[in-house]
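Structure first, commentary second.
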Amino acid sequence: MGESSSWRRAGFAGAAIGVLAAGAAAGVAVERLTVGRSVRQKARLALDAAGPYGSLRGTSGRAIADDSTVLYYEVDEVEPETPAGRRRRLFGRKEPAPVTVVFSHGYCLGQDSWHFQRAALRGLVRTVHWDQRSHGRSGHGVAQSGPDGVPVSIDQLGRDLKAVLDAAAPEGPLVLVGHSMGGMTVMALAEQYPELIRDRVVGAAFVGTSAGGLGEVSYGLPLVGVNAVRRVLPGVLRALGSQAELVERGRRATADLFAGLIKKYSFASKDVDPAVARFAERMIEATPIDVVAEFYPAFADHDKAAALAAFAELPVLALAGDNDLVTPSSHTEAIADLLPDAELVIVPDAGHLVMLEHPEAVTDRLADLLVRVGAVPGPATVRADADKS
């Protein structure tokens, strides 16, 4: 088989990576045929230039994981209410450390996926945003590198989060917020470091995530189709991961199809802002195919339902979109069943990236959680125009 044939095959396979269905492919392709490729490329550039999403930056830092992987994080500190000046403090009396809200992102995303929530809370509460290993600005997983590299485990991600906490928030109360894989990371942290949850965590938010049973998710496909995909996908990913350069060329060549699939599996509403959709597309397409392959097996093995007991006495938010095809809302309802005192919120007309699709709903419920734990004085302090930041 010639290189051109292999290139074409890699292109279409690469376009489907990160999702489990190509059922929307035909409709997407027909829609794209009516507009020239150069016009679409110009439109993407215009959306990239016009959208401010992902532009927020904080004080950067780096944590070192237990396998020496470098983990990148940023801190947004609380803004002083009055100009700096002399402050009286009793000798020997140390002010308590502020609450730190730590955001963990999902698979094939990055810390910027929390853009709207970060904009709303910026300066009001101390926050930490970090990139999971091999994502965003973090280094590629050392344990996953080289010929003897091993797939990522959710337990490893929990240890990574602990390293970030040790570096960015070594003391003071914590609120842990996780979306999708990020929520699983928080559960893994709780399983391995229950004393940390007991001693320092004052609240948690699980957004569009799961405590286990992901092998039963249909991704909107017929049962026969999804079973076939499950059988072949691990091997296909391994093969594609070994031809990363070829596949990345294919993904770029089939960008239109890839964008349509991302939209289908990220959002549910018909009128999602095109700049937001493009922002999500950029984050996902920036995840290399070998990273996709390294992480995928971890989800089939994920089972952290027992770890949720660590949050039983804490204020907890469990939130999901009602039409999430990746981690269905039933999985969030199962989390709430295990935590009867948790606030369960199912957002209508929302998909997997609910925090980007309906940012006001997510930010509002998160603000309420922060008020409950005393991190902010009241919901009125959260910026109402954060979606424009």
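Labels for the structure tokens follow display order: chains A, B, ..., residues from 1 in each chain, ligands from 1.
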(Q) I want to know what sits within 12 Å of Pro80 (chain A), based on only C-alpha atoms, with residues of the same chain fewer than 5 positions away left out; could you give that as a PyMOL selection string? (A) chain A and resi 85+122-126
Q. Can you list, as a PyMOL selection string, every residue of region 104-169 of chain A that DSSP puts in strand (DSSP E or B)?
A. chain A and resi 104+126-130
Can you write just those residues out, N, CA and C atoms, as a PDB file, in the first residue's frame?
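Contents of the output file result-v3.pdb:
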```pdb
ATOM      1  N   SER A 104      -9.633  21.053  37.836  1.00  0.00           N
ATOM      2  CA  SER A 104      -9.003  19.979  37.056  1.00  0.00           C
ATOM      3  C   SER A 104      -9.821  19.735  35.788  1.00  0.00           C
ATOM      4  N   ARG A 126      -9.028  32.755  45.634  1.00  0.00           N
ATOM      5  CA  ARG A 126      -7.768  32.198  45.130  1.00  0.00           C
ATOM      6  C   ARG A 126      -8.073  30.927  44.330  1.00  0.00           C
ATOM      7  N   THR A 127      -7.567  30.859  43.109  1.00  0.00           N
ATOM      8  CA  THR A 127      -7.820  29.693  42.266  1.00  0.00           C
ATOM      9  C   THR A 127      -6.516  29.141  41.699  1.00  0.00           C
ATOM     10  N   VAL A 128      -6.520  27.846  41.457  1.00  0.00           N
ATOM     11  CA  VAL A 128      -5.410  27.159  40.801  1.00  0.00           C
ATOM     12  C   VAL A 128      -5.984  26.419  39.599  1.00  0.00           C
ATOM     13  N   HIS A 129      -5.386  26.654  38.441  1.00  0.00           N
ATOM     14  CA  HIS A 129      -5.747  25.955  37.212  1.00  0.00           C
ATOM     15  C   HIS A 129      -4.506  25.223  36.728  1.00  0.00           C
ATOM     16  N   TRP A 130      -4.642  23.933  36.413  1.00  0.00           N
ATOM     17  CA  TRP A 130      -3.469  23.177  35.997  1.00  0.00           C
ATOM     18  C   TRP A 130      -3.787  22.327  34.782  1.00  0.00           C
TER      19      TRP A 130
END
```
Q. Given the choices A:Val326, A:Leu176, A:Val70, A:Leu314, which gets closest to Arg198 (chain A) if the distance is worked out from only C-alpha atoms?
A. A:Leu314
Once you count only C-alpha atoms, what closest atom pair and distance in Å to one decimal does each residue of region 98-200 of chain A within 12 Å of region 355-362 of chain A have, with rows by chain and rising residue number, as JSON lines?
```
{"residue": "A:His105", "atom": "CA", "partner": "A:Met355", "partner_atom": "CA", "distance": 10.8}
{"residue": "A:Gly106", "atom": "CA", "partner": "A:Met355", "partner_atom": "CA", "distance": 11.5}
{"residue": "A:Leu109", "atom": "CA", "partner": "A:Leu356", "partner_atom": "CA", "distance": 11.9}
{"residue": "A:Asp112", "atom": "CA", "partner": "A:Leu356", "partner_atom": "CA", "distance": 10.3}
{"residue": "A:Ser113", "atom": "CA", "partner": "A:Leu356", "partner_atom": "CA", "distance": 7.2}
{"residue": "A:Trp114", "atom": "CA", "partner": "A:Met355", "partner_atom": "CA", "distance": 6.9}
{"residue": "A:His115", "atom": "CA", "partner": "A:Leu356", "partner_atom": "CA", "distance": 7.9}
{"residue": "A:Phe116", "atom": "CA", "partner": "A:Pro359", "partner_atom": "CA", "distance": 6.1}
{"residue": "A:Gln117", "atom": "CA", "partner": "A:Pro359", "partner_atom": "CA", "distance": 7.1}
{"residue": "A:Arg118", "atom": "CA", "partner": "A:Pro359", "partner_atom": "CA", "distance": 10.5}
{"residue": "A:Ala119", "atom": "CA", "partner": "A:Pro359", "partner_atom": "CA", "distance": 10.5}
{"residue": "A:Ala120", "atom": "CA", "partner": "A:Glu360", "partner_atom": "CA", "distance": 9.3}
{"residue": "A:Val177", "atom": "CA", "partner": "A:Val362", "partner_atom": "CA", "distance": 11.4}
{"residue": "A:Gly178", "atom": "CA", "partner": "A:Met355", "partner_atom": "CA", "distance": 11.0}
{"residue": "A:His179", "atom": "CA", "partner": "A:Met355", "partner_atom": "CA", "distance": 8.7}
{"residue": "A:Ser180", "atom": "CA", "partner": "A:Met355", "partner_atom": "CA", "distance": 11.1}
```
**Q.** Expected answer as a PyMOL selection string: alpha helix (DSSP H) residues in region 144-360 of chain A
**A.** chain A and resi 154-168+181-192+194-200+223-241+244-253+255-266+274-285+289-301+329-338+354-357+359-360
**Q.** Gap from CA of Val142 (chain A) to CA of Thr69 (chain A) - Å, one decimal
**A.** 5.3 Å
Q: Write out as a PyMOL selection string the residues lying within 10 Å of Gly208 (chain A), counting only C-alpha atoms and excluding same-chain residues fewer than 4 positions away.
A: chain A and resi 106+178-183+318-322+324+326-332+346+351-355
Q. Please, what distance in Å, to one decimal, runs between CA of Thr185 (chain A) and CA of Asp148 (chain A)?
A.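 CA of Asp148 (chain A) lies 24.0 Å from CA of Thr185 (chain A).
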Q: Could you jot down the CA of Phe267 (chain A) to CA of Asp290 (chain A) separation for me, Å, one decimal place?
A: 25.0 Å
Q: Counting only C-alpha atoms, figure out which residue out of A:Glu79, A:Asp303, A:Asp368, A:Glu333 gets nearest to Val207 (chain A).
A: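 Result for the nearest residue to Val207 (chain A): A:Glu333.
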